[in-house]
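Participant: Let me give you the structure first, and then I'll get to my questions.
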There are 2 protein chains.
Amino acid sequence: MPLPITYADVAAAQERLAGVAHRTPVLRSSTADEIAGAKLFFKCENFQRMGAFKFRGAYNALAQLSKEQGEKGVVAYSSGNHAQGVALAAKLLSMPAAIVMPSDAPAVKVAATRGYGAEVVSYGRYQEDREVIGKRLAAERGMTLIPPYNHPHVMAGQGTAANELVQEVPDLDVLLVCLGGGGLISGCAVAAKQLNPKIRVIGVEPEAGNDVQQSFRSGKIVKIDTPKTIADGAQTQAVGDLTFAVIQALVDDIVTVSDAQLVDAMRFAASRMKMVVEPTGALAMAAAMSGGLALAGKRIGVIISGGNVDIAQFAKLVG
Amino acid sequence: MPLPITYADVAAAQERLAGVAHRTPVLRSSTADEIAGAKLFFKCENFQRMGAFKFRGAYNALAQLSKEQGEKGVVAYSSGNHAQGVALAAKLLSMPAAIVMPSDAPAVKVAATRGYGAEVVSYGRYQEDREVIGKRLAAERGMTLIPPYNHPHVMAGQGTAANELVQEVPDLDVLLVCLGGGGLISGCAVAAKQLNPKIRVIGVEPEAGNDVQQSFRSGKIVKIDTPKTIADGAQTQAVGDLTFAVIQALVDDIVTVSDAQLVDAMRFAASRMKMVVEPTGALAMAAAMSGGLALAGKRIGVIISGGNVDIAQFAKLVG
């Protein structure tokens, strides 16, 4: 069976995103290099619009809807970065958007989503199923459901992050990518391997939620209970079938890091690199700097996937 | 009397810094644009090596020393970013460096300076004069004293920050620059006015330490008591004669912001732009976003000068 996306899809997404998404900077830190014993190139998606790579995939998906679909609008269920990515993309494309969020979602996230002009549909986290609500809304209103990762347009859009990085730094030995549902790593693996076939692509999951590592090793999708980790963007229970197909074909390994290693990486990012990184966004960085991988002397691409962390929580974690 | 530096000096500094200093990114924020009612282009020197623009001027000065001067080494007196800039530049150029720091300087700064291989010479802040100690060390050891701002090579080096920004964004209406001793704004004004003669260059001082504003208005250098402000990098008592000559000739206005406005800007930078900015580094940003200037509809360059703030203090300020 052919893979669900090709490099042409990523290249087309890159065209769609030109002048819309930020071309995020690639930052260096000689201190980080010393700690890792390698040369690290940080692709900073925490500086992407709405603070995370998710804008790329959401915009790429919405931009491909038909005129009629666009007029009816889009639905997403998420309390995190995907919701805000869809809300912002819908705003830019003048589409209605409904975001299904738990009624106990942080007020700041609800406000941010409304700030992008989206309708927030609340549900009781313990009584109702957000997927059911999302599908019902889509059916009732004729809206298009935009899944957070298991969709070819979303995956291709996320791949533009690695496409930009590998174009800017063509001779990387390894690419480390934060891993939740697999949208980012699947798109990035397609782009990176096309531009640099020798590159090793490694996914990084939280230790407590290593479902993709288990799936990767066993060859079939493993579902786990919602993991307890500060990496809230990687609390997925299972990878998608489309993202998993790409991961099986193109990803070289999947490793894990602990919450303590995430906090260390966040503190380093703040104190030495002057960046706010959310826990999930620090997965790849933590793997690069915690010494568990054989990276000595190599050139390593590290995707920092986002920076959306409540600033009081951030201060508590790193202060 | 001719100005102490010309654009040729900034251009030559830019060549010396190529491949040594980071070419820092210019970041955008649509939320910041909305708040300011203008288009803001943030030149992020908090991502510069050692965390502040000061590396530019220090390296440019040290790189122009003779072989003999380089072998004898350099002295700087500073507890802040200039010290670390000189220490890092000396390390890269394999020169000995002695940094005169108060005995009560934060341990983290002492450690960072030693980490760059420099010798730290302690003195009692209330018993001794660091300038006298610096000059004595220079005389005894034949070392070259590198002043923090009032030196043509330092000024020209700092000007490369605006040189890069205005090359990347040629059609700015206004450039806002953080202002302490005047090293950054003097170099930046020379570069910006050369590349874009219509640009207005505005310096931003802490309200409590507006000595340069007073000097600018009265036409002669005014000295004040050490001001009480969280902007520790702008606690200068008086501008230099060389930097003042450039400020008088090329700067269009000098404005001030309060400590509360600095904290607001730092919090916005952290929560929305995912950046750690030190209080002094937020001066220009605070002026752009606090509504005191007539910026509506304009294109504004904003130099964020540094991000070196103790992370616990940062967490306390913005958390």
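We name chains A, B, ... following the order of the structure tokens; residues begin at 1 in each chain, and ligands are numbered from 1 as shown.
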Would you list, as a PyMOL selection string, the residues of region 49-297 of chain B that end up in strand (DSSP E) under DSSP run on this structure's backbone?
Facilitator: chain B and resi 74-77+97-102+119-123+144-145+174-178+200-206+253-257
Participant: Those selected residues, please, written with N, CA, C and O atoms and delivered as a CSV table (one decimal), in the first residue's frame.
Facilitator:
```
chain,number,residue,atom,x,y,z
B,74,VAL,N,43.1,41.5,27.9
B,74,VAL,CA,42.1,42.6,28.1
B,74,VAL,C,41.5,42.6,29.5
B,74,VAL,O,41.5,41.6,30.2
B,75,VAL,N,41.1,43.8,29.9
B,75,VAL,CA,40.4,44.0,31.2
B,75,VAL,C,39.1,44.6,30.9
B,75,VAL,O,39.0,45.5,30.1
B,76,ALA,N,38.1,44.2,31.7
B,76,ALA,CA,36.8,44.9,31.6
B,76,ALA,C,36.2,45.0,33.1
B,76,ALA,O,36.5,44.1,33.9
B,77,TYR,N,35.6,46.1,33.4
B,77,TYR,CA,34.9,46.2,34.7
B,77,TYR,C,33.4,46.2,34.4
B,77,TYR,O,32.9,47.1,33.8
B,97,ALA,N,41.8,37.3,29.7
B,97,ALA,CA,40.9,38.3,30.1
B,97,ALA,C,40.7,38.4,31.6
B,97,ALA,O,40.6,37.3,32.2
B,98,ALA,N,40.7,39.6,32.1
B,98,ALA,CA,40.4,39.8,33.6
B,98,ALA,C,39.2,40.6,33.7
B,98,ALA,O,39.1,41.7,33.0
B,99,ILE,N,38.2,40.2,34.5
B,99,ILE,CA,37.0,40.9,34.6
B,99,ILE,C,36.9,41.4,36.1
B,99,ILE,O,36.9,40.5,37.0
B,100,VAL,N,36.7,42.7,36.3
B,100,VAL,CA,36.6,43.2,37.6
B,100,VAL,C,35.1,43.2,38.0
B,100,VAL,O,34.3,43.9,37.3
B,101,MET,N,34.8,42.5,39.0
B,101,MET,CA,33.4,42.3,39.4
B,101,MET,C,33.2,42.6,40.9
B,101,MET,O,34.1,42.2,41.7
B,102,PRO,N,32.1,43.2,41.3
B,102,PRO,CA,31.9,43.4,42.8
B,102,PRO,C,31.9,42.0,43.5
B,102,PRO,O,31.4,41.0,42.9
B,119,GLU,N,39.5,35.4,34.1
B,119,GLU,CA,39.9,35.6,35.5
B,119,GLU,C,38.9,36.6,36.1
B,119,GLU,O,38.7,37.7,35.5
B,120,VAL,N,38.3,36.3,37.2
B,120,VAL,CA,37.4,37.2,37.9
B,120,VAL,C,38.2,37.9,39.1
B,120,VAL,O,38.7,37.2,39.9
B,121,VAL,N,38.3,39.3,39.0
B,121,VAL,CA,38.9,40.0,40.1
B,121,VAL,C,37.8,40.7,40.9
B,121,VAL,O,37.1,41.6,40.4
B,122,SER,N,37.7,40.3,42.1
B,122,SER,CA,36.7,40.8,43.0
B,122,SER,C,37.1,42.1,43.7
B,122,SER,O,38.3,42.3,44.0
B,123,TYR,N,36.1,42.9,43.9
B,123,TYR,CA,36.4,44.2,44.7
B,123,TYR,C,35.2,44.5,45.6
B,123,TYR,O,34.0,44.0,45.3
B,144,THR,N,44.8,45.6,27.9
B,144,THR,CA,44.0,46.7,27.3
B,144,THR,C,42.6,46.8,27.9
B,144,THR,O,41.9,45.7,28.0
B,145,LEU,N,42.3,48.0,28.4
B,145,LEU,CA,41.0,48.1,29.0
B,145,LEU,C,39.9,48.3,27.9
B,145,LEU,O,40.0,49.1,27.0
B,174,VAL,N,10.3,53.7,12.0
B,174,VAL,CA,10.9,54.1,13.4
B,174,VAL,C,11.7,52.9,13.8
B,174,VAL,O,11.4,51.8,13.6
B,175,LEU,N,12.8,53.2,14.5
B,175,LEU,CA,13.6,52.2,15.2
B,175,LEU,C,13.7,52.6,16.7
B,175,LEU,O,14.1,53.7,17.0
B,176,LEU,N,13.2,51.7,17.5
B,176,LEU,CA,13.2,51.9,19.0
B,176,LEU,C,14.4,51.1,19.6
B,176,LEU,O,14.5,49.9,19.3
B,177,VAL,N,15.2,51.7,20.4
B,177,VAL,CA,16.5,51.1,20.9
B,177,VAL,C,16.6,51.3,22.4
B,177,VAL,O,16.4,52.4,22.9
B,178,CYS,N,16.9,50.2,23.1
B,178,CYS,CA,17.1,50.3,24.5
B,178,CYS,C,18.4,51.1,24.8
B,178,CYS,O,19.4,51.1,24.0
B,200,ARG,N,13.2,57.2,11.8
B,200,ARG,CA,13.3,58.0,13.1
B,200,ARG,C,13.9,57.0,14.1
B,200,ARG,O,13.4,55.9,14.3
B,201,VAL,N,15.0,57.4,14.8
B,201,VAL,CA,15.6,56.6,15.8
B,201,VAL,C,15.3,57.1,17.2
B,201,VAL,O,15.5,58.3,17.5
B,202,ILE,N,14.7,56.3,18.0
B,202,ILE,CA,14.2,56.7,19.3
B,202,ILE,C,14.8,55.8,20.4
B,202,ILE,O,14.7,54.6,20.3
B,203,GLY,N,15.5,56.5,21.4
B,203,GLY,CA,16.0,55.7,22.5
B,203,GLY,C,15.0,55.6,23.6
B,203,GLY,O,14.2,56.5,23.8
B,204,VAL,N,15.1,54.5,24.4
B,204,VAL,CA,14.2,54.2,25.5
B,204,VAL,C,14.9,53.9,26.7
B,204,VAL,O,15.7,53.0,26.8
B,205,GLU,N,14.7,54.8,27.7
B,205,GLU,CA,15.4,54.7,29.0
B,205,GLU,C,14.4,54.3,30.1
B,205,GLU,O,13.2,54.6,30.0
B,206,PRO,N,14.9,53.8,31.2
B,206,PRO,CA,14.0,53.6,32.4
B,206,PRO,C,13.6,55.0,32.9
B,206,PRO,O,14.4,55.9,33.0
B,253,ASP,N,14.7,61.2,19.2
B,253,ASP,CA,14.0,61.5,20.5
B,253,ASP,C,14.4,60.4,21.5
B,253,ASP,O,14.9,59.4,21.1
B,254,ILE,N,14.2,60.8,22.8
B,254,ILE,CA,14.4,59.8,23.9
B,254,ILE,C,13.2,59.8,24.8
B,254,ILE,O,12.7,60.8,25.2
B,255,VAL,N,12.7,58.6,25.0
B,255,VAL,CA,11.5,58.5,25.8
B,255,VAL,C,11.8,57.5,27.0
B,255,VAL,O,12.8,56.9,27.0
B,256,THR,N,10.8,57.5,27.9
B,256,THR,CA,11.1,56.6,29.1
B,256,THR,C,9.9,55.7,29.3
B,256,THR,O,8.8,55.9,28.9
B,257,VAL,N,10.1,54.5,30.0
B,257,VAL,CA,9.1,53.6,30.4
B,257,VAL,C,9.3,53.3,31.9
B,257,VAL,O,10.4,53.4,32.4
```
Participant: Only residues of chain B matter here; which ones have an atom within 7 Å of chain A, counting only C-alpha atoms? Give them as a list of chain:residue names.
Facilitator: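 Output check: B:Pro25, B:Asn46, B:Phe47, B:Ala270, B:Ser271, B:Met273, B:Lys274, B:Met275, B:Val276, B:Gly307, B:Ile311, B:Ala312, B:Ala315, B:Gly319.
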Participant: Those residues you just picked out, can you put them in a file as an mmCIF file, in the first residue's frame with all heavy atoms?
Facilitator:
```cif
data_model
loop_
_atom_site.group_PDB
_atom_site.id
_atom_site.type_symbol
_atom_site.label_atom_id
_atom_site.label_comp_id
_atom_site.auth_asym_id
_atom_site.auth_seq_id
_atom_site.Cartn_x
_atom_site.Cartn_y
_atom_site.Cartn_z
ATOM 1 N N PRO B 25 17.395 36.304 14.751
ATOM 2 C CA PRO B 25 16.164 36.389 13.962
ATOM 3 C C PRO B 25 15.375 37.672 14.232
ATOM 4 O O PRO B 25 15.501 38.282 15.292
ATOM 5 C CB PRO B 25 15.373 35.164 14.435
ATOM 6 C CG PRO B 25 15.876 34.880 15.810
ATOM 7 C CD PRO B 25 17.327 35.288 15.816
ATOM 8 N N ASN B 46 18.403 38.861 22.421
ATOM 9 C CA ASN B 46 18.423 37.898 23.531
ATOM 10 C C ASN B 46 18.871 36.525 23.025
ATOM 11 O O ASN B 46 19.321 35.700 23.814
ATOM 12 C CB ASN B 46 17.055 37.812 24.225
ATOM 13 C CG ASN B 46 15.885 37.687 23.267
ATOM 14 O OD1 ASN B 46 15.968 38.098 22.109
ATOM 15 N ND2 ASN B 46 14.790 37.126 23.739
ATOM 16 N N PHE B 47 18.808 36.301 21.716
ATOM 17 C CA PHE B 47 19.309 35.038 21.146
ATOM 18 C C PHE B 47 20.739 35.169 20.646
ATOM 19 O O PHE B 47 21.265 34.250 20.013
ATOM 20 C CB PHE B 47 18.397 34.574 20.000
ATOM 21 C CG PHE B 47 16.958 34.368 20.403
ATOM 22 C CD1 PHE B 47 15.927 34.771 19.578
ATOM 23 C CD2 PHE B 47 16.643 33.781 21.618
ATOM 24 C CE1 PHE B 47 14.599 34.588 19.941
ATOM 25 C CE2 PHE B 47 15.318 33.599 21.994
ATOM 26 C CZ PHE B 47 14.292 33.997 21.158
ATOM 27 N N ALA B 270 7.073 36.566 27.178
ATOM 28 C CA ALA B 270 7.111 35.171 27.617
ATOM 29 C C ALA B 270 5.852 34.427 27.201
ATOM 30 O O ALA B 270 5.913 33.327 26.647
ATOM 31 C CB ALA B 270 7.299 35.100 29.136
ATOM 32 N N SER B 271 4.681 35.028 27.448
ATOM 33 C CA SER B 271 3.441 34.274 27.245
ATOM 34 C C SER B 271 3.039 34.219 25.780
ATOM 35 O O SER B 271 2.517 33.204 25.325
ATOM 36 C CB SER B 271 2.315 34.857 28.101
ATOM 37 O OG SER B 271 2.044 36.184 27.715
ATOM 38 N N MET B 273 5.141 35.480 22.929
ATOM 39 C CA MET B 273 6.226 35.328 21.953
ATOM 40 C C MET B 273 7.227 34.246 22.358
ATOM 41 O O MET B 273 8.170 33.982 21.622
ATOM 42 C CB MET B 273 6.927 36.670 21.731
ATOM 43 C CG MET B 273 5.970 37.727 21.169
ATOM 44 S SD MET B 273 6.810 39.267 20.764
ATOM 45 C CE MET B 273 7.818 38.736 19.363
ATOM 46 N N LYS B 274 7.009 33.646 23.537
ATOM 47 C CA LYS B 274 7.813 32.500 24.000
ATOM 48 C C LYS B 274 9.284 32.863 24.176
ATOM 49 O O LYS B 274 10.169 32.062 23.899
ATOM 50 C CB LYS B 274 7.677 31.305 23.050
ATOM 51 C CG LYS B 274 6.279 31.074 22.500
ATOM 52 C CD LYS B 274 5.234 30.920 23.584
ATOM 53 C CE LYS B 274 3.844 30.842 22.965
ATOM 54 N NZ LYS B 274 2.809 30.881 24.015
ATOM 55 N N MET B 275 9.520 34.102 24.627
ATOM 56 C CA MET B 275 10.890 34.557 24.785
ATOM 57 C C MET B 275 11.163 35.016 26.200
ATOM 58 O O MET B 275 10.315 35.656 26.828
ATOM 59 C CB MET B 275 11.151 35.776 23.897
ATOM 60 C CG MET B 275 11.068 35.511 22.426
ATOM 61 S SD MET B 275 11.859 36.850 21.515
ATOM 62 C CE MET B 275 10.845 38.233 22.015
ATOM 63 N N VAL B 276 12.377 34.738 26.663
ATOM 64 C CA VAL B 276 12.855 35.304 27.916
ATOM 65 C C VAL B 276 13.603 36.598 27.573
ATOM 66 O O VAL B 276 14.565 36.582 26.806
ATOM 67 C CB VAL B 276 13.784 34.327 28.653
ATOM 68 C CG1 VAL B 276 14.365 34.983 29.894
ATOM 69 C CG2 VAL B 276 13.029 33.048 29.016
ATOM 70 N N GLY B 307 18.655 38.842 27.149
ATOM 71 C CA GLY B 307 17.785 37.944 27.898
ATOM 72 C C GLY B 307 18.440 37.389 29.149
ATOM 73 O O GLY B 307 17.989 36.372 29.683
ATOM 74 N N ILE B 311 16.844 33.115 36.350
ATOM 75 C CA ILE B 311 15.582 32.504 35.952
ATOM 76 C C ILE B 311 14.579 32.473 37.116
ATOM 77 O O ILE B 311 13.362 32.554 36.904
ATOM 78 C CB ILE B 311 15.824 31.124 35.291
ATOM 79 C CG1 ILE B 311 14.738 30.843 34.256
ATOM 80 C CG2 ILE B 311 15.971 30.023 36.301
ATOM 81 C CD1 ILE B 311 14.763 31.749 33.064
ATOM 82 N N ALA B 312 15.082 32.431 38.341
ATOM 83 C CA ALA B 312 14.172 32.514 39.496
ATOM 84 C C ALA B 312 13.565 33.913 39.595
ATOM 85 O O ALA B 312 12.368 34.064 39.868
ATOM 86 C CB ALA B 312 14.927 32.159 40.777
ATOM 87 N N ALA B 315 10.983 34.200 36.869
ATOM 88 C CA ALA B 315 9.747 33.501 37.217
ATOM 89 C C ALA B 315 8.918 34.346 38.191
ATOM 90 O O ALA B 315 7.693 34.414 38.091
ATOM 91 C CB ALA B 315 10.072 32.141 37.818
ATOM 92 N N GLY B 319 5.571 35.351 36.569
ATOM 93 C CA GLY B 319 4.749 34.185 36.911
ATOM 94 C C GLY B 319 3.417 34.564 37.574
ATOM 95 O O GLY B 319 3.172 35.711 37.901
#
```
Participant: Which residues are close to Leu195 (chain B), i.e. within 8 Å by only C-alpha atoms, leaving aside same-chain residues fewer than 2 positions away? Reply as a ChimeraX atom specification.
Facilitator: /B:163,166-167,170,191-193,197
Participant: Just the selected residues (C-alpha atoms), exported as an mmCIF file, in the first residue's frame, please.
Facilitator:
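The file below, out-v5.cif, is the result:
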```
data_model
loop_
_atom_site.group_PDB
_atom_site.id
_atom_site.type_symbol
_atom_site.label_atom_id
_atom_site.label_comp_id
_atom_site.auth_asym_id
_atom_site.auth_seq_id
_atom_site.Cartn_x
_atom_site.Cartn_y
_atom_site.Cartn_z
ATOM 1 C CA ASN B 163 22.551 46.972 10.263
ATOM 2 C CA VAL B 166 17.411 47.351 8.421
ATOM 3 C CA GLN B 167 18.914 45.199 5.678
ATOM 4 C CA PRO B 170 14.406 48.110 4.688
ATOM 5 C CA ALA B 191 23.722 52.102 10.563
ATOM 6 C CA ALA B 192 19.988 52.770 10.343
ATOM 7 C CA LYS B 193 20.268 56.354 9.079
ATOM 8 C CA PRO B 197 17.750 58.168 5.933
#
```
Participant: For a quick check of understanding, using only C-alpha atoms, which of A:Pro227, A:Gly219, A:Gly240, A:Gly301 has the smallest distance to Gly182 (chain A)?
Facilitator: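 Looking at the shortest contact to Gly182 (chain A), the residue is A:Gly240.
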Participant: CA of Ile247 (chain A) to CA of Ala260 (chain A): how many Å, to one decimal?
Facilitator: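 Computing the Euclidean distance for CA of Ile247 (chain A) and CA of Ala260 (chain A) yields 26.5 Å.
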Participant: Could you please write out, as a ChimeraX atom specification, every residue of region 109-309 of chain A that DSSP assigns to alpha helix (DSSP H)?
Facilitator: /A:109-115,130-141,152-158,160-168,183-195,211-218,241-250,259-273,283-289
Participant: Name all residues at most 7 Å from Ile304 (chain A) (count only C-alpha atoms; drop same-chain ones fewer than 2 positions away) and give them as a list of chain:residue names.
Facilitator: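 Non-adjacent residues within range: A:Phe42, A:Lys43, A:Cys44, A:Glu45, A:Asn46, A:Gly281, A:Ala282, A:Ala284, A:Met285, A:Val302, A:Gly306.
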Participant: Of the candidates B:Ala11, B:Val190, B:Ala208, B:Ala87, which one gets nearest to Ile230 (chain B) if we count only C-alpha atoms?
Facilitator: B:Ala208
